[in-house]
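Participant: Next comes the structure file run_18.txt, holding compact mmCIF, C-alpha atoms and all ligand atoms.
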# COMPACT_ATOMS: atom_id res chain seq x y z
CA MET A 29 25.42 -22.49 -11.67
CA SER A 30 21.84 -23.71 -12.01
CA LYS A 31 19.00 -21.73 -10.48
CA LYS A 32 18.41 -24.55 -8.00
CA LEU A 33 22.02 -24.41 -6.80
CA LYS A 34 21.65 -20.68 -6.48
CA PHE A 35 18.82 -20.91 -3.96
CA VAL A 36 20.61 -23.66 -2.06
CA ALA A 37 23.70 -21.44 -2.00
CA LEU A 38 21.65 -18.54 -0.61
CA LEU A 39 20.33 -20.81 2.11
CA GLU A 40 23.80 -22.01 3.01
CA LYS A 41 25.14 -18.47 3.13
CA GLU A 42 22.30 -17.49 5.45
CA ARG A 43 23.08 -20.42 7.77
CA GLU A 44 26.75 -19.48 7.97
CA SER A 45 26.12 -15.80 8.65
CA LEU A 46 23.40 -15.99 11.29
CA GLY A 47 23.90 -16.73 14.95
CA ALA A 48 21.67 -18.72 17.28
CA GLY A 49 19.73 -15.80 18.83
CA VAL A 50 16.19 -14.57 18.29
CA ILE A 51 15.48 -12.62 15.11
CA GLY A 52 12.30 -10.65 14.75
CA ARG A 53 10.98 -8.34 12.07
CA TYR A 54 8.36 -5.79 11.21
CA ALA A 55 7.20 -5.99 7.61
CA PRO A 56 4.95 -3.08 6.66
CA SER A 57 3.52 -2.56 3.19
CA PRO A 58 4.30 1.05 2.21
CA THR A 59 0.84 1.67 0.81
CA GLY A 60 -0.01 4.66 2.99
CA HIS A 61 0.51 6.14 6.42
CA LEU A 62 0.53 3.90 9.49
CA HIS A 63 -2.40 4.08 11.90
CA ARG A 64 -2.71 2.88 15.51
CA GLY A 65 -3.56 -0.67 14.44
CA ASN A 66 -0.37 -0.96 12.37
CA LEU A 67 1.73 0.60 15.06
CA PHE A 68 0.29 -1.74 17.67
CA ALA A 69 1.53 -4.73 15.63
CA ALA A 70 4.94 -3.04 15.25
CA LEU A 71 5.16 -2.36 18.99
CA MET A 72 4.27 -5.98 19.83
CA ALA A 73 6.87 -7.31 17.36
CA TRP A 74 9.54 -5.01 18.79
CA LEU A 75 8.68 -5.88 22.40
CA GLN A 76 8.77 -9.63 21.77
CA CYS A 77 12.12 -9.38 20.03
CA ARG A 78 13.79 -7.03 22.51
CA LEU A 79 12.45 -8.97 25.54
CA ALA A 80 14.17 -12.02 24.03
CA GLY A 81 17.37 -10.00 23.50
CA GLY A 82 17.01 -10.48 19.75
CA GLN A 83 17.86 -8.58 16.59
CA PHE A 84 14.97 -6.69 15.02
CA PHE A 85 14.85 -6.13 11.26
CA LEU A 86 12.65 -3.99 9.07
CA ARG A 87 11.38 -5.15 5.70
CA PHE A 88 9.23 -3.18 3.28
CA GLU A 89 6.74 -5.33 1.40
CA ASP A 90 6.61 -3.14 -1.68
CA LEU A 91 6.05 -5.56 -4.56
CA ASP A 92 2.53 -4.43 -5.39
CA ARG A 93 3.80 -1.31 -7.17
CA PRO A 94 0.44 0.29 -8.06
CA ARG A 95 -0.49 0.29 -4.34
CA VAL A 96 2.87 1.68 -3.14
CA ARG A 97 2.77 5.38 -2.16
CA SER A 98 6.00 7.28 -2.65
CA ASN A 99 5.97 9.15 0.68
CA SER A 100 4.82 6.16 2.70
CA LEU A 101 8.24 4.64 3.35
CA ASP A 102 9.70 7.80 4.89
CA SER A 103 6.60 8.39 6.94
CA ILE A 104 6.75 4.80 8.34
CA LEU A 105 10.43 5.24 9.23
CA GLN A 106 9.61 8.49 11.04
CA ASP A 107 6.69 6.92 12.92
CA LEU A 108 8.83 4.05 14.16
CA GLN A 109 11.61 6.40 15.24
CA TRP A 110 9.12 8.70 16.94
CA LEU A 111 7.70 5.77 18.91
CA GLY A 112 11.21 4.62 19.85
CA LEU A 113 11.10 1.31 17.98
CA ASN A 114 14.71 0.96 16.88
CA TRP A 115 15.81 -1.65 14.37
CA ASP A 116 19.09 -3.34 13.45
CA ALA A 117 20.91 -3.10 10.12
CA ALA A 118 19.38 -5.64 7.76
CA PRO A 119 21.65 -8.54 6.78
CA GLY A 120 23.33 -8.24 3.38
CA GLU A 121 21.85 -4.79 2.74
CA LEU A 122 24.44 -2.17 1.89
CA GLU A 123 22.44 0.91 0.90
CA ASP A 124 19.67 1.02 3.50
CA SER A 125 19.20 -0.18 7.06
CA PHE A 126 16.14 -2.16 5.91
CA ILE A 127 15.18 -4.65 3.22
CA SER A 128 12.95 -3.77 0.27
CA GLN A 129 11.30 -6.65 -1.52
CA SER A 130 11.29 -4.74 -4.80
CA LYS A 131 15.08 -5.22 -4.99
CA ARG A 132 14.95 -8.98 -4.47
CA LYS A 133 13.26 -10.35 -7.59
CA PHE A 134 16.30 -12.46 -8.50
CA ILE A 135 16.03 -14.20 -5.14
CA TYR A 136 12.34 -14.99 -5.64
CA ASP A 137 13.12 -16.27 -9.16
CA ALA A 138 15.70 -18.66 -7.69
CA ALA A 139 13.31 -19.82 -4.97
CA LEU A 140 10.51 -20.44 -7.50
CA ALA A 141 12.89 -22.44 -9.71
CA TYR A 142 13.89 -24.47 -6.64
CA LEU A 143 10.26 -25.40 -6.02
CA GLY A 144 9.87 -26.09 -9.76
CA ASP A 145 12.71 -28.63 -9.63
CA GLN A 146 10.81 -30.44 -6.88
CA GLN A 147 7.57 -30.43 -8.93
CA LYS A 148 5.88 -28.52 -6.13
CA ILE A 149 4.40 -25.91 -8.49
CA PHE A 150 2.53 -25.84 -11.77
CA SER A 151 1.65 -23.20 -14.32
CA CYS A 152 -1.99 -22.29 -14.71
CA ARG A 153 -3.76 -20.39 -17.44
CA CYS A 154 -7.25 -20.24 -15.91
CA SER A 155 -8.99 -16.91 -15.82
CA ARG A 156 -11.20 -15.94 -12.89
CA LYS A 157 -14.17 -16.77 -15.11
CA ASP A 158 -12.84 -20.28 -15.85
CA ILE A 159 -12.42 -20.88 -12.13
CA ALA A 160 -15.89 -19.60 -11.31
CA PHE A 161 -17.30 -21.89 -14.02
CA ALA A 162 -15.44 -24.96 -12.76
CA VAL A 163 -16.30 -24.41 -9.11
CA SER A 164 -19.75 -25.79 -8.57
CA ALA A 165 -20.38 -25.44 -4.83
CA PRO A 166 -20.76 -21.86 -3.64
CA HIS A 167 -19.02 -22.59 -0.31
CA GLN A 168 -15.74 -23.28 -2.12
CA ARG A 169 -14.48 -19.85 -1.30
CA THR A 170 -11.74 -18.32 0.86
CA GLN A 171 -11.25 -14.72 1.97
CA GLU A 172 -9.28 -14.16 -1.23
CA GLY A 173 -11.73 -15.74 -3.65
CA LEU A 174 -12.81 -19.10 -4.97
CA ILE A 175 -10.87 -22.24 -4.11
CA TYR A 176 -8.95 -23.31 -7.19
CA PRO A 177 -10.55 -26.45 -8.67
CA GLY A 178 -7.27 -27.99 -9.87
CA THR A 179 -7.89 -27.57 -13.62
CA CYS A 180 -4.23 -27.16 -14.68
CA ARG A 181 -2.67 -29.40 -12.01
CA SER A 182 -1.92 -32.23 -14.39
CA LEU A 183 -1.12 -30.34 -17.60
CA SER A 184 2.25 -31.32 -18.98
CA LYS A 185 4.81 -28.55 -19.43
CA ASN A 186 4.37 -28.04 -23.15
CA GLU A 187 0.65 -27.47 -22.71
CA SER A 188 1.30 -24.52 -20.42
CA PHE A 189 1.55 -20.92 -21.55
CA LYS A 190 4.24 -18.32 -21.03
CA ALA A 191 2.19 -15.60 -19.39
CA CYS A 192 0.76 -17.84 -16.76
CA VAL A 193 0.16 -17.93 -13.05
CA TRP A 194 2.36 -20.24 -10.95
CA ARG A 195 0.49 -22.15 -8.28
CA TYR A 196 1.67 -24.26 -5.35
CA ARG A 197 0.47 -27.88 -5.38
CA VAL A 198 -0.99 -28.23 -1.89
CA PRO A 199 -0.72 -31.60 -0.09
CA GLU A 200 -3.72 -33.53 1.26
CA SER A 201 -2.51 -33.59 4.87
CA ASP A 202 -3.56 -30.95 7.42
CA VAL A 203 -1.12 -28.34 8.72
CA VAL A 204 -1.21 -27.98 12.51
CA PHE A 205 0.78 -25.52 14.55
CA THR A 206 0.70 -23.88 17.96
CA ASP A 207 0.51 -20.12 17.92
CA GLU A 208 2.26 -18.52 20.89
CA VAL A 209 -0.80 -16.34 21.52
CA SER A 210 -3.88 -18.19 20.31
CA GLY A 211 -2.82 -21.84 20.69
CA ILE A 212 -3.41 -24.76 18.35
CA TYR A 213 -4.51 -23.98 14.81
CA ARG A 214 -5.33 -26.59 12.19
CA GLN A 215 -6.10 -26.12 8.52
CA SER A 216 -6.55 -28.35 5.50
CA LEU A 217 -4.83 -26.59 2.63
CA ALA A 218 -6.52 -28.89 0.12
CA ARG A 219 -10.03 -28.30 1.44
CA ASP A 220 -9.87 -24.73 2.79
CA VAL A 221 -7.34 -22.96 0.55
CA GLY A 222 -6.58 -24.89 -2.66
CA ASP A 223 -3.51 -24.61 -4.91
CA PHE A 224 -2.53 -21.03 -4.15
CA VAL A 225 -0.77 -18.50 -6.35
CA LEU A 226 2.98 -17.87 -5.91
CA ARG A 227 3.43 -15.67 -8.97
CA ARG A 228 0.79 -13.75 -10.87
CA ALA A 229 0.54 -13.72 -14.67
CA ASP A 230 2.07 -10.22 -14.73
CA GLY A 231 5.17 -11.60 -13.01
CA VAL A 232 4.47 -10.11 -9.58
CA TYR A 233 5.22 -12.50 -6.74
CA ALA A 234 2.52 -13.17 -4.16
CA TYR A 235 2.77 -12.13 -0.52
CA GLN A 236 2.44 -15.75 0.72
CA PHE A 237 5.57 -16.76 -1.16
CA VAL A 238 7.94 -13.82 -0.73
CA VAL A 239 7.22 -13.48 2.98
CA VAL A 240 8.53 -17.02 3.50
CA VAL A 241 11.58 -16.65 1.22
CA ASP A 242 12.55 -13.48 3.09
CA ASP A 243 11.85 -14.82 6.57
CA ILE A 244 14.09 -17.81 5.76
CA LEU A 245 16.93 -15.75 4.33
CA MET A 246 16.72 -13.18 7.15
CA GLY A 247 16.87 -16.03 9.69
CA VAL A 248 13.62 -14.93 11.35
CA THR A 249 12.84 -17.04 14.44
CA ASP A 250 9.70 -15.21 15.60
CA VAL A 251 6.95 -13.75 13.44
CA VAL A 252 4.78 -11.31 15.41
CA ARG A 253 1.88 -9.80 13.43
CA GLY A 254 -1.85 -9.15 13.35
CA ALA A 255 -4.32 -11.99 13.87
CA ASP A 256 -5.74 -11.37 10.38
CA LEU A 257 -2.76 -13.35 9.05
CA LEU A 258 -3.38 -16.42 11.21
CA GLU A 259 -5.21 -18.19 8.41
CA SER A 260 -2.33 -17.51 5.97
CA THR A 261 0.14 -19.21 8.28
CA PRO A 262 -0.47 -22.87 7.30
CA ARG A 263 0.31 -21.96 3.68
CA GLN A 264 3.49 -20.30 4.83
CA ILE A 265 4.48 -23.24 7.06
CA GLU A 266 4.07 -25.56 4.07
CA LEU A 267 6.38 -23.28 2.06
CA PHE A 268 8.95 -23.12 4.89
CA HIS A 269 9.19 -26.92 4.69
CA SER A 270 9.42 -27.03 0.89
CA LEU A 271 12.06 -24.31 0.76
CA GLY A 272 14.19 -26.00 3.41
CA GLY A 273 13.87 -23.29 6.05
CA GLY A 274 13.29 -23.64 9.79
CA VAL A 275 9.70 -22.79 10.73
CA PRO A 276 9.63 -19.75 13.08
CA ARG A 277 7.40 -19.33 16.13
CA PHE A 278 4.23 -17.36 15.32
CA TRP A 279 2.60 -14.76 17.56
CA HIS A 280 -0.68 -13.50 16.13
CA VAL A 281 -1.62 -10.46 18.16
CA PRO A 282 -5.15 -9.01 18.58
CA LEU A 283 -6.53 -6.56 16.05
CA LEU A 284 -7.50 -3.08 17.14
CA CYS A 285 -11.08 -2.21 16.24
CA ASP A 286 -13.38 0.79 16.35
CA ALA A 287 -16.48 1.10 18.55
CA HIS A 288 -18.46 -1.07 16.09
CA GLY A 289 -15.94 -3.90 16.19
CA VAL A 290 -14.60 -3.03 12.73
CA ARG A 291 -10.85 -3.37 12.36
CA LEU A 292 -9.04 0.00 12.25
CA SER A 293 -8.05 0.85 8.69
CA LYS A 294 -7.42 3.78 6.44
CA ARG A 295 -10.79 3.14 4.86
CA ASN A 296 -12.79 3.64 8.05
CA GLY A 297 -11.18 6.97 8.65
CA THR A 298 -8.65 5.97 11.33
CA LYS A 299 -6.25 8.86 11.90
CA SER A 300 -2.69 8.35 10.70
CA ILE A 301 0.19 8.38 13.17
CA SER A 302 1.85 11.16 11.20
CA SER A 303 -1.21 13.38 11.72
CA LEU A 304 -1.17 12.64 15.48
CA ARG A 305 2.53 13.42 15.51
CA GLU A 306 1.98 16.68 13.66
CA ALA A 307 -0.87 17.61 16.03
CA GLY A 308 1.59 17.44 18.93
CA GLU A 309 0.60 14.06 20.44
CA ARG A 310 3.32 12.64 22.68
CA ALA A 311 4.77 9.26 21.76
CA GLU A 312 4.66 8.23 25.44
CA VAL A 313 0.89 8.73 25.53
CA LEU A 314 0.38 6.52 22.50
CA VAL A 315 2.76 3.82 23.80
CA GLY A 316 0.78 3.83 27.08
CA GLN A 317 -2.57 3.53 25.27
CA LEU A 318 -1.42 0.73 22.96
CA ALA A 319 0.16 -1.21 25.84
CA ALA A 320 -2.89 -0.70 28.08
CA SER A 321 -5.16 -2.17 25.38
CA VAL A 322 -3.63 -5.62 26.15
CA SER A 323 -3.19 -4.87 29.88
CA LEU A 324 0.60 -4.64 29.72
CA VAL A 325 0.25 -1.43 31.75
CA ALA A 326 -2.64 0.25 33.59
CA GLU A 327 -5.01 2.60 31.70
CA GLY A 328 -3.61 6.10 31.59
CA ALA A 329 0.05 5.05 31.79
CA VAL A 330 2.45 7.39 29.96
CA LEU A 331 5.83 5.86 29.17
CA SER A 332 8.43 5.40 26.44
CA ALA A 333 8.87 2.15 24.50
CA GLN A 334 12.10 1.51 26.40
CA GLU A 335 10.36 2.08 29.76
CA LEU A 336 7.58 -0.26 28.66
CA LEU A 337 10.14 -2.93 27.88
CA GLU A 338 11.57 -2.63 31.38
CA GLU A 339 8.11 -2.58 32.93
CA ILE A 340 7.09 -5.85 31.21
CA GLY A 341 10.34 -7.49 32.22
CA THR A 342 10.05 -11.00 30.83
CA LEU A 343 8.93 -12.70 27.67
CA ASN A 344 6.71 -15.05 29.69
CA HIS A 345 4.82 -12.15 31.22
CA PHE A 346 4.39 -10.60 27.76
CA ARG A 347 3.09 -13.90 26.34
CA GLN A 348 0.65 -14.34 29.22
CA LYS A 349 -0.85 -10.87 28.76
CA LEU A 350 -1.33 -11.44 25.03
CA GLN A 351 -2.91 -14.84 25.65
CA GLN A 352 -5.40 -13.28 28.07
CA ALA A 353 -6.34 -10.42 25.73
CA PRO A 354 -9.48 -10.67 23.57
CA GLY A 355 -8.98 -11.33 19.84
CA ALA A 356 -10.33 -7.92 18.84
CA ILE A 357 -9.81 -4.84 20.96
CA ASN A 358 -12.01 -1.80 20.94
CA HIS A 359 -9.60 1.08 20.59
CA LEU A 360 -10.50 4.59 19.57
N1 LIG A 401 2.98 -6.69 4.96
C1 LIG A 401 1.97 -7.22 5.83
C2 LIG A 401 1.12 -6.09 6.36
O1 LIG A 401 1.50 -4.94 6.24
C3 LIG A 401 2.55 -7.98 7.01
C4 LIG A 401 3.10 -9.27 6.62
C5 LIG A 401 3.67 -10.13 7.73
O2 LIG A 401 3.96 -9.62 8.82
O3 LIG A 401 3.84 -11.31 7.47
O4 LIG A 401 0.07 -6.37 6.89
Here is the file; what I need is its structure written in the form of structure tokens.
Ligand code: GLU

Facilitator:
Amino acid sequence: MSKKLKFVALLEKERESLGAGVIGRYAPSPTGHLHRGNLFAALMAWLQCRLAGGQFFLRFEDLDRPRVRSNSLDSILQDLQWLGLNWDAAPGELEDSFISQSKRKFIYDAALAYLGDQQKIFSCRCSRKDIAFAVSAPHQRTQEGLIYPGTCRSLSKNESFKACVWRYRVPESDVVFTDEVSGIYRQSLARDVGDFVLRRADGVYAYQFVVVVDDILMGVTDVVRGADLLESTPRQIELFHSLGGGVPRFWHVPLLCDAHGVRLSKRNGTKSISSLREAGERAEVLVGQLAASVSLVAEGAVLSAQELLEEIGTLNHFRQKLQQAPGAINHL
């Protein structure tokens, strides 16, 4: 069986095994303890999925091994359980109730080969220095670095090197989609992003690629996550199309910030959920605070995740509240 057939076979198997209902997911990176900002995104993903009567899966994005912390996975599982965010057994996973990307390299290999057969990718041997040298205008920069100037785009195969980066050949046309929370979003991949990396020279697959392969094979219909990933979404939509998967609905939820408007993170000293838990904080208090930050309940409400679900009632009401919320929420 060729590698291409293998990915097509995986896709077909996924189509046979999944029903027509809503499938949601929470996909944390086990690089440390969760804080309120992370848990807010998890709560929103769980609420959207359960309000729609869907199945909710958990996936650990643990490919960046040097950043993975050994106790992080257990602590995340405990935090989710403590908050009452239950999840369903992940499809095709026999050992755990969740998916770990670190076990799925063979799937990403097959997906990359599938894109290779369609000439959608090319190998690149440019160093950061080469790219900086070739990029003349200083504005040719994204959040992740300089926009790739296309140096290796037209190299023939035998000119390429073994230990190389694999990049996606972005099309000229714009990607436009309607986010369930923030509305229409348009991006030119060619102008604003450039040919992005799918696999690094050390063989590690990039987030942008594996997230799409997994969302396709898990049958995800609704992606609910922090608004910081809004600008990654056009890249992912392009990959959904190239890999033959249905594009899910996207819900980019507000980011929780500190009093200075800086996004909560481990770096700015935000307390971990496990430390709140150990200090005797009640889950119902935290659920109330997180839900009140987007006006799903009144300030000071104390309730369980299940009670919150019942209180919100409908998916439309949930969507409306998120649409009315500001993009960044001051939350201490
Ligand atoms: N792993 C990402 C994070 O922890 C989330 C990715 C996603 O939801 O697409 O921020």

Participant: I need the residue nearest A:Arg253 from this list: A:Ala73, A:Ile175, A:Ala37, A:Leu318. Use all atoms listed in the file for the distance.

Facilitator: A:Ala73

Participant: Considering only C-alpha atoms and all ligand atoms, give me a table of residues in chain A that are at most 8 Å from ligand LIG 401 (chain A), with the closest atom pair and distance in Å for each, as a tab-separated table.

Facilitator:
residue	atom	partner	partner_atom	distance
A:Arg53	CA	A:LIG401	O2	7.8
A:Tyr54	CA	A:LIG401	O2	6.3
A:Ala55	CA	A:LIG401	O2	5.0
A:Pro56	CA	A:LIG401	O1	3.9
A:Ser57	CA	A:LIG401	O1	4.4
A:Pro58	CA	A:LIG401	O1	7.7
A:Asn66	CA	A:LIG401	O1	7.5
A:Phe88	CA	A:LIG401	N1	7.4
A:Glu89	CA	A:LIG401	N1	5.4
A:Tyr235	CA	A:LIG401	C4	7.7
A:Val239	CA	A:LIG401	O3	6.0
A:Val251	CA	A:LIG401	O2	6.9
A:Val252	CA	A:LIG401	O2	6.9
A:Arg253	CA	A:LIG401	O2	5.1
A:Gly254	CA	A:LIG401	O4	7.3
A:Leu257	CA	A:LIG401	O3	7.1

Participant: Could you check which of A:Met72, A:Ala48, A:Ala329, A:Val232 is closest to A:Arg132, using only C-alpha atoms?

Facilitator: A:Val232

Participant: Write out as a list in words each polymer residue whose atoms come within 9 Å of A:Arg228, counting all atoms listed in the file; drop sequence neighbours fewer than 5 positions from it.

Facilitator: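 Once the adjacent positions are removed, what remains is Ala191, Cys192, Val193, Trp194, Arg195, Tyr233 and Ala234 of chain A.
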
Participant: Any chance you can output those residues with C-alpha atoms as a short mmCIF file (atom, residue, chain, number, x, y, z; two decimals), in the coordinates of the input?

Facilitator:
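Generated output (part_25.cif):
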data_model
loop_
_atom_site.label_atom_id
_atom_site.label_comp_id
_atom_site.auth_asym_id
_atom_site.auth_seq_id
_atom_site.Cartn_x
_atom_site.Cartn_y
_atom_site.Cartn_z
CA ALA A 191 2.19 -15.60 -19.39
CA CYS A 192 0.76 -17.84 -16.76
CA VAL A 193 0.16 -17.93 -13.05
CA TRP A 194 2.36 -20.24 -10.95
CA ARG A 195 0.49 -22.15 -8.28
CA TYR A 233 5.22 -12.50 -6.74
CA ALA A 234 2.52 -13.17 -4.16
#

Participant: Go through A:Gln352, A:Asn358, A:Ser270, A:Gln236 and flag the residue nearest A:Leu292, using only C-alpha atoms for the distances.

Facilitator: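 Closest to A:Leu292, using only C-alpha atoms: A:Asn358.
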
Participant: Atom CA of A:Arg197 and atom CA of A:Phe268, how far apart in Å?

Facilitator: 14.1 Å

Participant: Quick one: everything within 12 Å of A:Ile212, counting only C-alpha atoms, minus sequence neighbours fewer than 4 positions away in the same chain. Send it as a list in words.

Facilitator: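 Once the adjacent positions are removed, what remains is Val203, Val204, Phe205, Thr206, Asp207, Glu208, Leu258, Pro262, Phe278, Trp279 and His280 of chain A.
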
Participant: What gap, in Å, lies between atom CA of A:Arg78 and atom CA of A:Val96?

Facilitator: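 Those two atoms sit 29.2 Å apart.
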
Participant: Please measure the separation of atom CA of A:Pro119 and atom CA of A:Ser45, giving the value in Å to one decimal.

Facilitator: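 So the two atoms, atom CA of A:Pro119 and atom CA of A:Ser45, lie 8.7 Å apart.
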
Participant: Neighbouring residues of A:Leu284 were defined as those with any atom within 7 Å, considering all atoms listed in the file; residues of the same chain fewer than 4 positions away were excluded. Please report them as a count of residues only.

Facilitator: 7

Participant: Rank A:Phe85, A:Trp74, A:Phe346, A:Phe126 by their smallest atom-to-atom distance to A:Asp243, using only C-alpha atoms, and report the top residue only.

Facilitator: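 Of all the options, A:Phe85 lies closest to A:Asp243.
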
Participant: Looking at all atoms listed in the file, which of A:Leu174, A:Leu143, A:Ala255, A:Ala138 is the one that sits closest to A:Gly222?

Facilitator: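 Answer, going by the shortest atom-to-atom distance: A:Leu174.
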
Participant: Using all atoms listed in the file, collect all residues at a distance of at most 9 Å from (1.1, 8.6, 24.8) as written in the file, then present them as a list of chain:residue names.

Facilitator: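 Residues found, by chain and rising number: A:Glu309, A:Arg310, A:Ala311, A:Glu312, A:Val313, A:Leu314, A:Val315, A:Gly316, A:Gln317, A:Leu318, A:Gly328, A:Ala329, A:Val330, A:Leu331, A:Ser332.
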
Participant: Find the residues near A:Leu324: any atom within 8 Å, counting all atoms listed in the file, skip ones fewer than 2 places away on the same chain, and give them as an MDAnalysis selection string.

Facilitator: chainID A and resid 319:322 326 340 346 349

Participant: Out of A:Ser128, A:Ser182, A:Thr59, A:Gln83, which residue has the shortest atom-to-atom distance to A:Arg97 when counting only C-alpha atoms?

Facilitator: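 Closest to A:Arg97, using only C-alpha atoms: A:Thr59.
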
Participant: So that I can see what lies close to A:Asp223, please list as a PyMOL selection string the residues with an atom at most 12 Å from it, counting only C-alpha atoms and leaving out residues fewer than 6 positions away in the same chain.

Facilitator: chain A and resi 148-152+170+174-181+193-200+216-217+263+266

Participant: Generate the missing atoms of stretch 32-49 of chain A up to N, CA, C and O atoms and report them as a PDB file, keeping the file's coordinate frame.

Facilitator:
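Generated file (result_1.pdb):
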ATOM      1  N   LYS A  32      18.648 -23.787  -9.218  1.00  0.00           N
ATOM      2  CA  LYS A  32      18.410 -24.550  -8.000  1.00  0.00           C
ATOM      3  C   LYS A  32      19.610 -24.372  -7.056  1.00  0.00           C
ATOM      4  O   LYS A  32      19.454 -24.046  -5.887  1.00  0.00           O
ATOM      5  N   LEU A  33      20.816 -24.555  -7.625  1.00  0.00           N
ATOM      6  CA  LEU A  33      22.020 -24.410  -6.800  1.00  0.00           C
ATOM      7  C   LEU A  33      22.060 -23.012  -6.205  1.00  0.00           C
ATOM      8  O   LEU A  33      22.474 -22.814  -5.087  1.00  0.00           O
ATOM      9  N   LYS A  34      21.588 -22.045  -6.986  1.00  0.00           N
ATOM     10  CA  LYS A  34      21.650 -20.680  -6.480  1.00  0.00           C
ATOM     11  C   LYS A  34      20.818 -20.513  -5.199  1.00  0.00           C
ATOM     12  O   LYS A  34      21.282 -19.888  -4.252  1.00  0.00           O
ATOM     13  N   PHE A  35      19.624 -21.077  -5.170  1.00  0.00           N
ATOM     14  CA  PHE A  35      18.820 -20.910  -3.960  1.00  0.00           C
ATOM     15  C   PHE A  35      19.433 -21.688  -2.793  1.00  0.00           C
ATOM     16  O   PHE A  35      19.476 -21.208  -1.663  1.00  0.00           O
ATOM     17  N   VAL A  36      19.948 -22.874  -3.106  1.00  0.00           N
ATOM     18  CA  VAL A  36      20.610 -23.660  -2.060  1.00  0.00           C
ATOM     19  C   VAL A  36      21.817 -22.875  -1.534  1.00  0.00           C
ATOM     20  O   VAL A  36      22.054 -22.832  -0.328  1.00  0.00           O
ATOM     21  N   ALA A  37      22.540 -22.222  -2.432  1.00  0.00           N
ATOM     22  CA  ALA A  37      23.700 -21.440  -2.000  1.00  0.00           C
ATOM     23  C   ALA A  37      23.282 -20.280  -1.106  1.00  0.00           C
ATOM     24  O   ALA A  37      23.935 -19.982  -0.109  1.00  0.00           O
ATOM     25  N   LEU A  38      22.164 -19.640  -1.448  1.00  0.00           N
ATOM     26  CA  LEU A  38      21.650 -18.540  -0.610  1.00  0.00           C
ATOM     27  C   LEU A  38      21.306 -19.047   0.791  1.00  0.00           C
ATOM     28  O   LEU A  38      21.606 -18.410   1.785  1.00  0.00           O
ATOM     29  N   LEU A  39      20.695 -20.225   0.823  1.00  0.00           N
ATOM     30  CA  LEU A  39      20.330 -20.810   2.110  1.00  0.00           C
ATOM     31  C   LEU A  39      21.560 -21.110   2.947  1.00  0.00           C
ATOM     32  O   LEU A  39      21.608 -20.840   4.135  1.00  0.00           O
ATOM     33  N   GLU A  40      22.574 -21.665   2.273  1.00  0.00           N
ATOM     34  CA  GLU A  40      23.800 -22.010   3.010  1.00  0.00           C
ATOM     35  C   GLU A  40      24.494 -20.771   3.539  1.00  0.00           C
ATOM     36  O   GLU A  40      24.984 -20.745   4.666  1.00  0.00           O
ATOM     37  N   LYS A  41      24.503 -19.730   2.703  1.00  0.00           N
ATOM     38  CA  LYS A  41      25.140 -18.470   3.130  1.00  0.00           C
ATOM     39  C   LYS A  41      24.422 -17.913   4.359  1.00  0.00           C
ATOM     40  O   LYS A  41      25.043 -17.479   5.315  1.00  0.00           O
ATOM     41  N   GLU A  42      23.096 -17.999   4.320  1.00  0.00           N
ATOM     42  CA  GLU A  42      22.300 -17.490   5.450  1.00  0.00           C
ATOM     43  C   GLU A  42      22.647 -18.267   6.717  1.00  0.00           C
ATOM     44  O   GLU A  42      22.850 -17.707   7.778  1.00  0.00           O
ATOM     45  N   ARG A  43      22.786 -19.603   6.582  1.00  0.00           N
ATOM     46  CA  ARG A  43      23.080 -20.420   7.770  1.00  0.00           C
ATOM     47  C   ARG A  43      24.436 -20.093   8.361  1.00  0.00           C
ATOM     48  O   ARG A  43      24.613 -20.095   9.567  1.00  0.00           O
ATOM     49  N   GLU A  44      25.401 -19.799   7.477  1.00  0.00           N
ATOM     50  CA  GLU A  44      26.750 -19.480   7.970  1.00  0.00           C
ATOM     51  C   GLU A  44      26.776 -18.136   8.681  1.00  0.00           C
ATOM     52  O   GLU A  44      27.468 -17.943   9.663  1.00  0.00           O
ATOM     53  N   SER A  45      25.983 -17.173   8.155  1.00  0.00           N
ATOM     54  CA  SER A  45      26.120 -15.800   8.650  1.00  0.00           C
ATOM     55  C   SER A  45      25.298 -15.511   9.905  1.00  0.00           C
ATOM     56  O   SER A  45      25.568 -14.565  10.619  1.00  0.00           O
ATOM     57  N   LEU A  46      24.276 -16.335  10.174  1.00  0.00           N
ATOM     58  CA  LEU A  46      23.400 -15.990  11.290  1.00  0.00           C
ATOM     59  C   LEU A  46      23.736 -16.778  12.555  1.00  0.00           C
ATOM     60  O   LEU A  46      24.084 -17.953  12.487  1.00  0.00           O
ATOM     61  N   GLY A  47      23.619 -16.091  13.664  1.00  0.00           N
ATOM     62  CA  GLY A  47      23.900 -16.730  14.950  1.00  0.00           C
ATOM     63  C   GLY A  47      22.698 -17.526  15.452  1.00  0.00           C
ATOM     64  O   GLY A  47      21.762 -17.786  14.705  1.00  0.00           O
ATOM     65  N   ALA A  48      22.719 -17.863  16.739  1.00  0.00           N
ATOM     66  CA  ALA A  48      21.670 -18.720  17.280  1.00  0.00           C
ATOM     67  C   ALA A  48      20.545 -17.917  17.949  1.00  0.00           C
ATOM     68  O   ALA A  48      19.544 -18.492  18.344  1.00  0.00           O
ATOM     69  N   GLY A  49      20.700 -16.602  18.057  1.00  0.00           N
ATOM     70  CA  GLY A  49      19.730 -15.800  18.830  1.00  0.00           C
ATOM     71  C   GLY A  49      18.404 -15.589  18.118  1.00  0.00           C
ATOM     72  O   GLY A  49      18.185 -16.026  16.986  1.00  0.00           O
TER      73      GLY A  49
END
